[in-house]
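Trainee: Provided herewith is a single structure, encoded as structure tokens, for subsequent inquiry.
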Amino acid sequence: MMTTQDKELLAKKNISEAQIADQLACFQKGFPYLKLDAAAAVGKGILVPGPDEQRTYLSAWDAYTRTDKTIVKFVPASGAASRMFKDLFEFLGAGYEAPATKFEQLFFDNIRKFAFYDDLDAACLRMAGKNIVTLLAEGQYKAVVAALLEVGGLNYGALPKGLLKFHTYKEGVRTPLEEHLVEGALYASGKSGRVNVHFTVSAEHRELFETLVREKAASFAKRYGVSYNISFSEQKPSTDTIAADMRNEPFRDNGKLVFRPGGHGALIENLNDLDADIIFIKNIDNVVPDKLKGDTVLYKKLIAGVLVSLQQQAFQYLERLDSGDYTQEEILDILQFVQKKLFCKNPDTKHLEDAELVLYLRQKLNRPMRVCGMVKNVGEPGGGPFLAYNSDGTISLQILESSQIDMNDSVSKQMFEKGTHFNPVDLVCAVRNYKGHKFDLTRYVDPSTGFISYKSKNGKELKALELPGLWNGAMSDWSTVFVEVPLDTFNPVKTVNDLLRDQHQ
């Protein structure tokens with residue numbers, strides 16, 4: 001039963017009572033596992049362009065950047081860095097004073113190698129009245145960690161990753177935000193030399209991001225001969241989801257309904273608001289110093305070239321279908337394109353009448369398109385590429401998380417375990433149709449691909465509802481193509497000690 005206070009809260013968030021009912025129904029019935037056809041692999045859904053093909057695709061992207069099309073680089077950057085410092089938080093609360101675990105020892109043995117060392121040294125002087133060298137000599141390791149993580153020091157335990165100092169250069173240090181500005185200049189500038197970069201941020205940190213942009217963007221613009229258009233957005237309150245108790249009733253805290261952020265799938269709304277033709281998507285923490293950017297830039301251009309080449313062919317086919325002037329042979333050519341180039345198969349196409357087949361082909365061609373880089377599986381966590389069944393009976397390429405796969409089914413489990421590649425979140429998206437109109441991206445989400453997780457609030461267990469992931473179910477009904485990219489293009493920073501890897505030094 002909704003109270004007046006509940007209704008006021010829903011109105012404030014722009015969430016309807018019908019949405020709440022739908023979400024509570026998800027807790028009741030759960031989400032179905034996806035039916036798999038096969039794990040995607042080289043020769044089975046994952047392209048590995050040869051040297052000649054690479055040159056063709058790179059030329060296609062180069063030509064595209066000389067048009068008046070709008071290119072945007074989209075970077076989800078709202079997540080706090082707290083998980084990066086999980087081990088150090090545990091050290092602060094441990095019953096011992098000196099580093100004991102391998103993680104702790106590695107951190108302190110290499111502390112001078114971190115790009116934030118000078119800032120941390122100043123924070124130690126401010127908080128403890130001593131520099132790092134003195135504190136470590138005196139065995140005051142926790143004072144150093146406190147200066148790194150706590151609000152009186154650098155506050156790195158509460159800041160988002162995008163604002164932390166990752167890399168050291170002769171001329172200074174850089175944050176991930178700055179590295180993304182550099183990347184944008186290297187592969188996402190259009191004919192005008194304008195680089196559009198959009199960050200999704202949390203409301204509490206937006207001002208810090210905007211301040212950093214004001215301080216840094218002009219120097220990068222001058223260095224790379226570009227101009228920047230940098231924008232920000234926040235996850236919409238309307239994408240928050242209701243929390244449920246163990247009886248699948250609305251969870252309340254002191255009588256008030258509890259909502260939780262809907263996960264990165266909520267960002268499909270932010271993506272949908274962008275006025276763009278082509279959008280690159282990459283996570284905030286997957287950056288490297290300039291000396292290692294070569295492959296990153298090359299393969300970003302390559303997958304973008306694959307995208308615009310496929311889009312151009314799809315547009316030509318759609319215009320031919322619109323004209324009504326086509327032969328049976330041309331229809332079969334279009335069907336081959338959908339099956340062999342867009343990797344979308346329908347076992348029932350052989351039973352369709354000509355008019356039905358044309359309608360089917362138009363539907364599969366006239367939708368958003370994405371090309372996703374995939375790296376060889378080396379045990380890193382993350383979703384994987386699969387050929388999966390869709391609700392309309394077709395089989396297409398999807399990026400799936402383990403939670404979407406029935407691990408009690410031996411065949412599905414074997415497919416997951418034998419997967420050769422995984423998803424590094426390396427996407428290029430085409431979001432306009434062949435007539436130049438923006439797609440409504442929210443229409444291409446599969447709502448049955450969310451998942452439920454278990455959390456707690458004030459000591460009470462609750463169920464949380466995650467929306468279909470941005471590159472998972474939120475893009476389920478897109479045309480999808482996978483391209484193998486080198487492992488050295490994937491360098492995420494999941495823990496602070498990842499910054500000690502050669503790729504970040």
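Ordering of the structure tokens sets the chain letters (A, B, ...); residue numbers start at 1 within each chain; ligands are numbered from 1 in the order shown.
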Tell me, as a PyMOL selection string, which residues lie within 8 Å of Ile230 of chain A, counting only C-alpha atoms; anything in the same chain fewer than 3 positions away does not count.
Mentor: chain A and resi 195-199+213
Trainee: Would you put the residues from that selection into a file with C-alpha atoms, as a PDB file, in the first residue's frame?
Mentor:
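As written to disk, again-v2.pdb reads:
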```pdb
ATOM      1  CA  VAL A 195      36.721  16.409 -29.616  1.00  0.00           C
ATOM      2  CA  ASN A 196      33.455  15.614 -27.823  1.00  0.00           C
ATOM      3  CA  VAL A 197      33.947  13.743 -24.542  1.00  0.00           C
ATOM      4  CA  HIS A 198      31.068  12.918 -22.209  1.00  0.00           C
ATOM      5  CA  PHE A 199      31.581  11.651 -18.653  1.00  0.00           C
ATOM      6  CA  VAL A 213      38.631  20.015 -16.851  1.00  0.00           C
TER       7      VAL A 213
END
```
Trainee: For Met2 of chain A, work out the shell of residues within 10 Å, counting only C-alpha atoms and skipping chain neighbours fewer than 3 positions away, then give it as a ChimeraX atom specification.
Mentor: /A:5-8,10,17,250,257
Trainee: Among segment 178-309 of chain A, which residues carry a DSSP assignment of strand (DSSP E or B), reported as a PDB file with all heavy atoms, in the first residue's frame?
Mentor:
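See part_18.pdb below for the written result:
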```pdb
ATOM      1  N   ARG A 194      37.223  19.112 -33.485  1.00  0.00           N
ATOM      2  CA  ARG A 194      36.502  19.174 -32.217  1.00  0.00           C
ATOM      3  C   ARG A 194      36.436  17.774 -31.594  1.00  0.00           C
ATOM      4  O   ARG A 194      36.095  16.804 -32.269  1.00  0.00           O
ATOM      5  CB  ARG A 194      35.090  19.713 -32.465  1.00  0.00           C
ATOM      6  CG  ARG A 194      34.261  20.030 -31.230  1.00  0.00           C
ATOM      7  CD  ARG A 194      32.906  20.581 -31.712  1.00  0.00           C
ATOM      8  NE  ARG A 194      32.035  20.935 -30.618  1.00  0.00           N
ATOM      9  CZ  ARG A 194      32.032  22.110 -30.004  1.00  0.00           C
ATOM     10  NH1 ARG A 194      32.921  23.036 -30.359  1.00  0.00           N
ATOM     11  NH2 ARG A 194      31.179  22.374 -29.033  1.00  0.00           N
ATOM     12  N   VAL A 195      36.753  17.685 -30.325  1.00  0.00           N
ATOM     13  CA  VAL A 195      36.721  16.409 -29.616  1.00  0.00           C
ATOM     14  C   VAL A 195      35.607  16.472 -28.564  1.00  0.00           C
ATOM     15  O   VAL A 195      35.684  17.269 -27.627  1.00  0.00           O
ATOM     16  CB  VAL A 195      38.073  16.106 -28.928  1.00  0.00           C
ATOM     17  CG1 VAL A 195      38.007  14.761 -28.199  1.00  0.00           C
ATOM     18  CG2 VAL A 195      39.201  16.103 -29.944  1.00  0.00           C
ATOM     19  N   ASN A 196      34.577  15.661 -28.754  1.00  0.00           N
ATOM     20  CA  ASN A 196      33.455  15.614 -27.823  1.00  0.00           C
ATOM     21  C   ASN A 196      33.667  14.461 -26.840  1.00  0.00           C
ATOM     22  O   ASN A 196      33.741  13.302 -27.257  1.00  0.00           O
ATOM     23  CB  ASN A 196      32.143  15.387 -28.582  1.00  0.00           C
ATOM     24  CG  ASN A 196      31.890  16.453 -29.631  1.00  0.00           C
ATOM     25  OD1 ASN A 196      31.714  17.620 -29.312  1.00  0.00           O
ATOM     26  ND2 ASN A 196      31.885  16.045 -30.896  1.00  0.00           N
ATOM     27  N   VAL A 197      33.781  14.771 -25.566  1.00  0.00           N
ATOM     28  CA  VAL A 197      33.947  13.743 -24.542  1.00  0.00           C
ATOM     29  C   VAL A 197      32.858  13.936 -23.492  1.00  0.00           C
ATOM     30  O   VAL A 197      32.660  15.047 -22.993  1.00  0.00           O
ATOM     31  CB  VAL A 197      35.334  13.803 -23.871  1.00  0.00           C
ATOM     32  CG1 VAL A 197      35.524  12.595 -22.945  1.00  0.00           C
ATOM     33  CG2 VAL A 197      36.455  13.842 -24.903  1.00  0.00           C
ATOM     34  N   HIS A 198      32.153  12.850 -23.191  1.00  0.00           N
ATOM     35  CA  HIS A 198      31.068  12.918 -22.209  1.00  0.00           C
ATOM     36  C   HIS A 198      31.355  11.946 -21.067  1.00  0.00           C
ATOM     37  O   HIS A 198      31.568  10.750 -21.285  1.00  0.00           O
ATOM     38  CB  HIS A 198      29.729  12.554 -22.854  1.00  0.00           C
ATOM     39  CG  HIS A 198      28.562  12.706 -21.926  1.00  0.00           C
ATOM     40  ND1 HIS A 198      27.895  13.903 -21.757  1.00  0.00           N
ATOM     41  CD2 HIS A 198      27.963  11.818 -21.089  1.00  0.00           C
ATOM     42  CE1 HIS A 198      26.932  13.735 -20.866  1.00  0.00           C
ATOM     43  NE2 HIS A 198      26.954  12.486 -20.441  1.00  0.00           N
ATOM     44  N   PHE A 199      31.369  12.461 -19.846  1.00  0.00           N
ATOM     45  CA  PHE A 199      31.581  11.651 -18.653  1.00  0.00           C
ATOM     46  C   PHE A 199      30.285  11.555 -17.862  1.00  0.00           C
ATOM     47  O   PHE A 199      29.622  12.570 -17.643  1.00  0.00           O
ATOM     48  CB  PHE A 199      32.649  12.279 -17.750  1.00  0.00           C
ATOM     49  CG  PHE A 199      34.025  12.357 -18.352  1.00  0.00           C
ATOM     50  CD1 PHE A 199      34.446  13.507 -19.020  1.00  0.00           C
ATOM     51  CD2 PHE A 199      34.907  11.288 -18.252  1.00  0.00           C
ATOM     52  CE1 PHE A 199      35.714  13.597 -19.567  1.00  0.00           C
ATOM     53  CE2 PHE A 199      36.181  11.365 -18.801  1.00  0.00           C
ATOM     54  CZ  PHE A 199      36.587  12.520 -19.460  1.00  0.00           C
ATOM     55  N   THR A 200      29.929  10.351 -17.427  1.00  0.00           N
ATOM     56  CA  THR A 200      28.840  10.229 -16.457  1.00  0.00           C
ATOM     57  C   THR A 200      29.469  10.235 -15.069  1.00  0.00           C
ATOM     58  O   THR A 200      30.421   9.493 -14.801  1.00  0.00           O
ATOM     59  CB  THR A 200      28.027   8.942 -16.670  1.00  0.00           C
ATOM     60  OG1 THR A 200      28.855   7.802 -16.483  1.00  0.00           O
ATOM     61  CG2 THR A 200      27.432   8.909 -18.068  1.00  0.00           C
ATOM     62  N   SER A 227      40.049  21.204 -30.332  1.00  0.00           N
ATOM     63  CA  SER A 227      39.233  21.909 -29.334  1.00  0.00           C
ATOM     64  C   SER A 227      38.373  20.867 -28.641  1.00  0.00           C
ATOM     65  O   SER A 227      37.995  19.864 -29.247  1.00  0.00           O
ATOM     66  CB  SER A 227      38.346  22.969 -29.995  1.00  0.00           C
ATOM     67  OG  SER A 227      37.429  22.369 -30.895  1.00  0.00           O
ATOM     68  N   TYR A 228      38.088  21.091 -27.376  1.00  0.00           N
ATOM     69  CA  TYR A 228      37.316  20.121 -26.608  1.00  0.00           C
ATOM     70  C   TYR A 228      35.908  20.627 -26.312  1.00  0.00           C
ATOM     71  O   TYR A 228      35.716  21.807 -25.995  1.00  0.00           O
ATOM     72  CB  TYR A 228      38.006  19.819 -25.270  1.00  0.00           C
ATOM     73  CG  TYR A 228      39.206  18.901 -25.383  1.00  0.00           C
ATOM     74  CD1 TYR A 228      40.500  19.416 -25.283  1.00  0.00           C
ATOM     75  CD2 TYR A 228      39.053  17.536 -25.575  1.00  0.00           C
ATOM     76  CE1 TYR A 228      41.612  18.577 -25.382  1.00  0.00           C
ATOM     77  CE2 TYR A 228      40.151  16.695 -25.668  1.00  0.00           C
ATOM     78  CZ  TYR A 228      41.430  17.220 -25.572  1.00  0.00           C
ATOM     79  OH  TYR A 228      42.517  16.393 -25.668  1.00  0.00           O
ATOM     80  N   ASN A 229      34.961  19.716 -26.442  1.00  0.00           N
ATOM     81  CA  ASN A 229      33.609  19.935 -25.939  1.00  0.00           C
ATOM     82  C   ASN A 229      33.367  18.842 -24.907  1.00  0.00           C
ATOM     83  O   ASN A 229      33.069  17.705 -25.247  1.00  0.00           O
ATOM     84  CB  ASN A 229      32.584  19.849 -27.070  1.00  0.00           C
ATOM     85  CG  ASN A 229      31.159  19.897 -26.553  1.00  0.00           C
ATOM     86  OD1 ASN A 229      30.864  20.596 -25.587  1.00  0.00           O
ATOM     87  ND2 ASN A 229      30.280  19.118 -27.163  1.00  0.00           N
ATOM     88  N   ILE A 230      33.536  19.181 -23.631  1.00  0.00           N
ATOM     89  CA  ILE A 230      33.476  18.188 -22.558  1.00  0.00           C
ATOM     90  C   ILE A 230      32.190  18.398 -21.776  1.00  0.00           C
ATOM     91  O   ILE A 230      31.906  19.509 -21.311  1.00  0.00           O
ATOM     92  CB  ILE A 230      34.706  18.299 -21.640  1.00  0.00           C
ATOM     93  CG1 ILE A 230      35.981  18.075 -22.465  1.00  0.00           C
ATOM     94  CG2 ILE A 230      34.627  17.277 -20.511  1.00  0.00           C
ATOM     95  CD1 ILE A 230      37.243  18.501 -21.773  1.00  0.00           C
ATOM     96  N   SER A 231      31.417  17.337 -21.656  1.00  0.00           N
ATOM     97  CA  SER A 231      30.132  17.444 -20.969  1.00  0.00           C
ATOM     98  C   SER A 231      29.992  16.340 -19.916  1.00  0.00           C
ATOM     99  O   SER A 231      30.735  15.353 -19.931  1.00  0.00           O
ATOM    100  CB  SER A 231      28.979  17.353 -21.982  1.00  0.00           C
ATOM    101  OG  SER A 231      29.071  16.158 -22.747  1.00  0.00           O
ATOM    102  N   PHE A 232      29.043  16.556 -19.023  1.00  0.00           N
ATOM    103  CA  PHE A 232      28.822  15.630 -17.915  1.00  0.00           C
ATOM    104  C   PHE A 232      27.332  15.355 -17.763  1.00  0.00           C
ATOM    105  O   PHE A 232      26.498  16.196 -18.090  1.00  0.00           O
ATOM    106  CB  PHE A 232      29.335  16.222 -16.594  1.00  0.00           C
ATOM    107  CG  PHE A 232      30.802  16.543 -16.592  1.00  0.00           C
ATOM    108  CD1 PHE A 232      31.251  17.823 -16.939  1.00  0.00           C
ATOM    109  CD2 PHE A 232      31.738  15.581 -16.254  1.00  0.00           C
ATOM    110  CE1 PHE A 232      32.599  18.128 -16.941  1.00  0.00           C
ATOM    111  CE2 PHE A 232      33.087  15.876 -16.258  1.00  0.00           C
ATOM    112  CZ  PHE A 232      33.521  17.146 -16.596  1.00  0.00           C
ATOM    113  N   SER A 233      27.019  14.174 -17.255  1.00  0.00           N
ATOM    114  CA  SER A 233      25.641  13.890 -16.858  1.00  0.00           C
ATOM    115  C   SER A 233      25.675  12.952 -15.658  1.00  0.00           C
ATOM    116  O   SER A 233      26.716  12.359 -15.349  1.00  0.00           O
ATOM    117  CB  SER A 233      24.840  13.254 -18.005  1.00  0.00           C
ATOM    118  OG  SER A 233      25.348  11.969 -18.335  1.00  0.00           O
ATOM    119  N   THR A 241      16.032   1.687  -8.647  1.00  0.00           N
ATOM    120  CA  THR A 241      15.090   0.567  -8.508  1.00  0.00           C
ATOM    121  C   THR A 241      14.732   0.360  -7.044  1.00  0.00           C
ATOM    122  O   THR A 241      15.535   0.617  -6.144  1.00  0.00           O
ATOM    123  CB  THR A 241      15.691  -0.731  -9.084  1.00  0.00           C
ATOM    124  OG1 THR A 241      16.929  -1.015  -8.424  1.00  0.00           O
ATOM    125  CG2 THR A 241      15.948  -0.605 -10.582  1.00  0.00           C
ATOM    126  N   ILE A 242      13.518  -0.121  -6.829  1.00  0.00           N
ATOM    127  CA  ILE A 242      13.028  -0.361  -5.477  1.00  0.00           C
ATOM    128  C   ILE A 242      13.791  -1.528  -4.846  1.00  0.00           C
ATOM    129  O   ILE A 242      14.103  -2.509  -5.522  1.00  0.00           O
ATOM    130  CB  ILE A 242      11.505  -0.652  -5.497  1.00  0.00           C
ATOM    131  CG1 ILE A 242      10.909  -0.669  -4.084  1.00  0.00           C
ATOM    132  CG2 ILE A 242      11.202  -1.962  -6.193  1.00  0.00           C
ATOM    133  CD1 ILE A 242      10.652   0.676  -3.516  1.00  0.00           C
ATOM    134  N   ALA A 244      13.768  -4.681  -2.131  1.00  0.00           N
ATOM    135  CA  ALA A 244      12.730  -5.557  -1.590  1.00  0.00           C
ATOM    136  C   ALA A 244      13.260  -6.301  -0.367  1.00  0.00           C
ATOM    137  O   ALA A 244      14.468  -6.530  -0.230  1.00  0.00           O
ATOM    138  CB  ALA A 244      12.264  -6.554  -2.644  1.00  0.00           C
ATOM    139  N   PRO A 250       8.151  -4.215  -0.663  1.00  0.00           N
ATOM    140  CA  PRO A 250       9.048  -3.048  -0.663  1.00  0.00           C
ATOM    141  C   PRO A 250       9.816  -2.934   0.648  1.00  0.00           C
ATOM    142  O   PRO A 250       9.235  -3.045   1.738  1.00  0.00           O
ATOM    143  CB  PRO A 250       8.088  -1.869  -0.847  1.00  0.00           C
ATOM    144  CG  PRO A 250       6.912  -2.452  -1.567  1.00  0.00           C
ATOM    145  CD  PRO A 250       6.772  -3.847  -1.034  1.00  0.00           C
ATOM    146  N   ARG A 252      11.646  -1.060   3.573  1.00  0.00           N
ATOM    147  CA  ARG A 252      11.498   0.263   4.172  1.00  0.00           C
ATOM    148  C   ARG A 252      12.538   0.456   5.274  1.00  0.00           C
ATOM    149  O   ARG A 252      12.876  -0.482   5.993  1.00  0.00           O
ATOM    150  CB  ARG A 252      10.094   0.456   4.744  1.00  0.00           C
ATOM    151  CG  ARG A 252       9.006   0.483   3.680  1.00  0.00           C
ATOM    152  CD  ARG A 252       7.610   0.656   4.270  1.00  0.00           C
ATOM    153  NE  ARG A 252       6.587   0.606   3.249  1.00  0.00           N
ATOM    154  CZ  ARG A 252       6.193   1.660   2.526  1.00  0.00           C
ATOM    155  NH1 ARG A 252       6.737   2.852   2.771  1.00  0.00           N
ATOM    156  NH2 ARG A 252       5.261   1.527   1.607  1.00  0.00           N
ATOM    157  N   ASP A 253      13.024   1.667   5.381  1.00  0.00           N
ATOM    158  CA  ASP A 253      13.952   2.042   6.450  1.00  0.00           C
ATOM    159  C   ASP A 253      13.315   3.203   7.199  1.00  0.00           C
ATOM    160  O   ASP A 253      13.103   4.286   6.627  1.00  0.00           O
ATOM    161  CB  ASP A 253      15.297   2.449   5.845  1.00  0.00           C
ATOM    162  CG  ASP A 253      16.354   2.717   6.910  1.00  0.00           C
ATOM    163  OD1 ASP A 253      16.420   1.936   7.875  1.00  0.00           O
ATOM    164  OD2 ASP A 253      17.093   3.718   6.768  1.00  0.00           O
ATOM    165  N   LYS A 256      10.361   4.559   5.397  1.00  0.00           N
ATOM    166  CA  LYS A 256      10.558   5.179   4.080  1.00  0.00           C
ATOM    167  C   LYS A 256      11.029   4.149   3.063  1.00  0.00           C
ATOM    168  O   LYS A 256      11.896   3.321   3.363  1.00  0.00           O
ATOM    169  CB  LYS A 256      11.593   6.312   4.194  1.00  0.00           C
ATOM    170  CG  LYS A 256      11.769   7.122   2.921  1.00  0.00           C
ATOM    171  CD  LYS A 256      12.762   8.262   3.151  1.00  0.00           C
ATOM    172  CE  LYS A 256      12.987   9.060   1.870  1.00  0.00           C
ATOM    173  NZ  LYS A 256      13.980  10.140   2.061  1.00  0.00           N
ATOM    174  N   LEU A 257      10.441   4.174   1.860  1.00  0.00           N
ATOM    175  CA  LEU A 257      10.862   3.274   0.790  1.00  0.00           C
ATOM    176  C   LEU A 257      12.350   3.462   0.500  1.00  0.00           C
ATOM    177  O   LEU A 257      12.858   4.590   0.490  1.00  0.00           O
ATOM    178  CB  LEU A 257      10.074   3.548  -0.495  1.00  0.00           C
ATOM    179  CG  LEU A 257       8.601   3.145  -0.527  1.00  0.00           C
ATOM    180  CD1 LEU A 257       7.967   3.620  -1.829  1.00  0.00           C
ATOM    181  CD2 LEU A 257       8.436   1.649  -0.363  1.00  0.00           C
ATOM    182  N   PHE A 259      15.339   3.016  -2.245  1.00  0.00           N
ATOM    183  CA  PHE A 259      15.701   2.812  -3.647  1.00  0.00           C
ATOM    184  C   PHE A 259      17.212   2.672  -3.750  1.00  0.00           C
ATOM    185  O   PHE A 259      17.959   3.191  -2.923  1.00  0.00           O
ATOM    186  CB  PHE A 259      15.235   3.994  -4.508  1.00  0.00           C
ATOM    187  CG  PHE A 259      13.763   4.001  -4.770  1.00  0.00           C
ATOM    188  CD1 PHE A 259      12.882   4.564  -3.858  1.00  0.00           C
ATOM    189  CD2 PHE A 259      13.252   3.435  -5.924  1.00  0.00           C
ATOM    190  CE1 PHE A 259      11.517   4.568  -4.094  1.00  0.00           C
ATOM    191  CE2 PHE A 259      11.897   3.441  -6.171  1.00  0.00           C
ATOM    192  CZ  PHE A 259      11.015   4.010  -5.255  1.00  0.00           C
ATOM    193  N   ARG A 260      17.637   1.982  -4.804  1.00  0.00           N
ATOM    194  CA  ARG A 260      19.066   1.805  -5.053  1.00  0.00           C
ATOM    195  C   ARG A 260      19.365   2.153  -6.506  1.00  0.00           C
ATOM    196  O   ARG A 260      18.500   2.001  -7.383  1.00  0.00           O
ATOM    197  CB  ARG A 260      19.481   0.354  -4.781  1.00  0.00           C
ATOM    198  CG  ARG A 260      19.334  -0.066  -3.316  1.00  0.00           C
ATOM    199  CD  ARG A 260      19.760  -1.508  -3.126  1.00  0.00           C
ATOM    200  NE  ARG A 260      21.138  -1.702  -3.569  1.00  0.00           N
ATOM    201  CZ  ARG A 260      22.214  -1.454  -2.826  1.00  0.00           C
ATOM    202  NH1 ARG A 260      22.072  -0.999  -1.598  1.00  0.00           N
ATOM    203  NH2 ARG A 260      23.422  -1.671  -3.293  1.00  0.00           N
ATOM    204  N   ILE A 278      28.272   8.649 -34.022  1.00  0.00           N
ATOM    205  CA  ILE A 278      29.105   7.531 -33.566  1.00  0.00           C
ATOM    206  C   ILE A 278      29.549   7.811 -32.130  1.00  0.00           C
ATOM    207  O   ILE A 278      29.972   8.920 -31.808  1.00  0.00           O
ATOM    208  CB  ILE A 278      30.355   7.365 -34.458  1.00  0.00           C
ATOM    209  CG1 ILE A 278      29.963   7.056 -35.905  1.00  0.00           C
ATOM    210  CG2 ILE A 278      31.289   6.285 -33.894  1.00  0.00           C
ATOM    211  CD1 ILE A 278      29.296   5.716 -36.115  1.00  0.00           C
ATOM    212  N   ILE A 279      29.459   6.785 -31.271  1.00  0.00           N
ATOM    213  CA  ILE A 279      29.839   6.942 -29.863  1.00  0.00           C
ATOM    214  C   ILE A 279      30.812   5.828 -29.472  1.00  0.00           C
ATOM    215  O   ILE A 279      30.494   4.644 -29.601  1.00  0.00           O
ATOM    216  CB  ILE A 279      28.613   6.891 -28.938  1.00  0.00           C
ATOM    217  CG1 ILE A 279      27.576   7.962 -29.340  1.00  0.00           C
ATOM    218  CG2 ILE A 279      29.033   7.090 -27.477  1.00  0.00           C
ATOM    219  CD1 ILE A 279      26.260   7.863 -28.579  1.00  0.00           C
ATOM    220  N   PHE A 280      31.988   6.225 -29.000  1.00  0.00           N
ATOM    221  CA  PHE A 280      32.935   5.280 -28.407  1.00  0.00           C
ATOM    222  C   PHE A 280      32.589   5.121 -26.933  1.00  0.00           C
ATOM    223  O   PHE A 280      32.291   6.116 -26.256  1.00  0.00           O
ATOM    224  CB  PHE A 280      34.369   5.813 -28.499  1.00  0.00           C
ATOM    225  CG  PHE A 280      34.968   5.824 -29.880  1.00  0.00           C
ATOM    226  CD1 PHE A 280      34.782   6.899 -30.729  1.00  0.00           C
ATOM    227  CD2 PHE A 280      35.742   4.764 -30.323  1.00  0.00           C
ATOM    228  CE1 PHE A 280      35.344   6.922 -31.993  1.00  0.00           C
ATOM    229  CE2 PHE A 280      36.315   4.773 -31.585  1.00  0.00           C
ATOM    230  CZ  PHE A 280      36.118   5.853 -32.424  1.00  0.00           C
ATOM    231  N   ILE A 281      32.657   3.901 -26.417  1.00  0.00           N
ATOM    232  CA  ILE A 281      32.428   3.664 -24.989  1.00  0.00           C
ATOM    233  C   ILE A 281      33.625   2.916 -24.413  1.00  0.00           C
ATOM    234  O   ILE A 281      34.052   1.897 -24.962  1.00  0.00           O
ATOM    235  CB  ILE A 281      31.152   2.838 -24.734  1.00  0.00           C
ATOM    236  CG1 ILE A 281      29.920   3.538 -25.325  1.00  0.00           C
ATOM    237  CG2 ILE A 281      30.948   2.602 -23.234  1.00  0.00           C
ATOM    238  CD1 ILE A 281      28.628   2.756 -25.156  1.00  0.00           C
ATOM    239  N   LYS A 282      34.135   3.438 -23.307  1.00  0.00           N
ATOM    240  CA  LYS A 282      35.275   2.802 -22.648  1.00  0.00           C
ATOM    241  C   LYS A 282      35.246   3.170 -21.176  1.00  0.00           C
ATOM    242  O   LYS A 282      34.939   4.310 -20.815  1.00  0.00           O
ATOM    243  CB  LYS A 282      36.574   3.290 -23.287  1.00  0.00           C
ATOM    244  CG  LYS A 282      37.820   2.538 -22.839  1.00  0.00           C
ATOM    245  CD  LYS A 282      39.052   3.110 -23.537  1.00  0.00           C
ATOM    246  CE  LYS A 282      40.300   2.354 -23.140  1.00  0.00           C
ATOM    247  NZ  LYS A 282      41.516   2.980 -23.684  1.00  0.00           N
TER     248      LYS A 282
END
```
Trainee: If we count only C-alpha atoms, what is near segment 152-159 of chain A at a cut-off of 8 Å, once residues fewer than 5 positions away on the same chain are taken out, given as a PDB file with C-alpha atoms, in the first residue's frame?
Mentor:
```pdb
ATOM      1  CA  ALA A  80      33.884   5.484  -6.346  1.00  0.00           C
ATOM      2  CA  ALA A  81      37.404   4.085  -6.041  1.00  0.00           C
ATOM      3  CA  SER A  82      36.712   2.475  -2.654  1.00  0.00           C
ATOM      4  CA  PHE A  85      41.644   0.309  -1.750  1.00  0.00           C
ATOM      5  CA  ASP A 119      50.631  14.502  -2.869  1.00  0.00           C
ATOM      6  CA  LEU A 120      50.622  11.729  -0.268  1.00  0.00           C
ATOM      7  CA  ALA A 123      49.193  14.910   3.156  1.00  0.00           C
ATOM      8  CA  CYS A 124      51.317  13.001   5.691  1.00  0.00           C
ATOM      9  CA  ARG A 126      49.698  17.901   7.083  1.00  0.00           C
ATOM     10  CA  MET A 127      48.051  15.114   9.087  1.00  0.00           C
ATOM     11  CA  ALA A 146      45.143   7.104   6.632  1.00  0.00           C
ATOM     12  CA  ALA A 147      46.644  10.096   4.807  1.00  0.00           C
ATOM     13  CA  LEU A 164      42.995   9.867  -8.897  1.00  0.00           C
ATOM     14  CA  HIS A 205      31.780  14.780  -7.461  1.00  0.00           C
TER      15      HIS A 205
END
```
Trainee: For segment 32-43 of chain A, list every protein, DNA or RNA residue within 6 Å, evaluated using only C-alpha atoms, and leave out those in the same chain fewer than 5 positions away; present the list as a list in words.
Mentor: Pro385, Phe386, Leu387, Ala388, Tyr389, Gln404, Ile405, Asp406, Met415 and Gly419 of chain A
Trainee: Quick one: of A:Cys344, A:Met374, A:Ala218, A:Ala188, who's nearest to Arg66 of chain A, counting only C-alpha atoms?
Mentor: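 So, comparing all the options, the nearest one is A:Ala188.
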Trainee: Of the residues A:Leu9, A:Ile268, A:Leu58, A:Val258, which is the one nearest to Leu298 of chain A, using only C-alpha atoms?
Mentor: A:Leu58
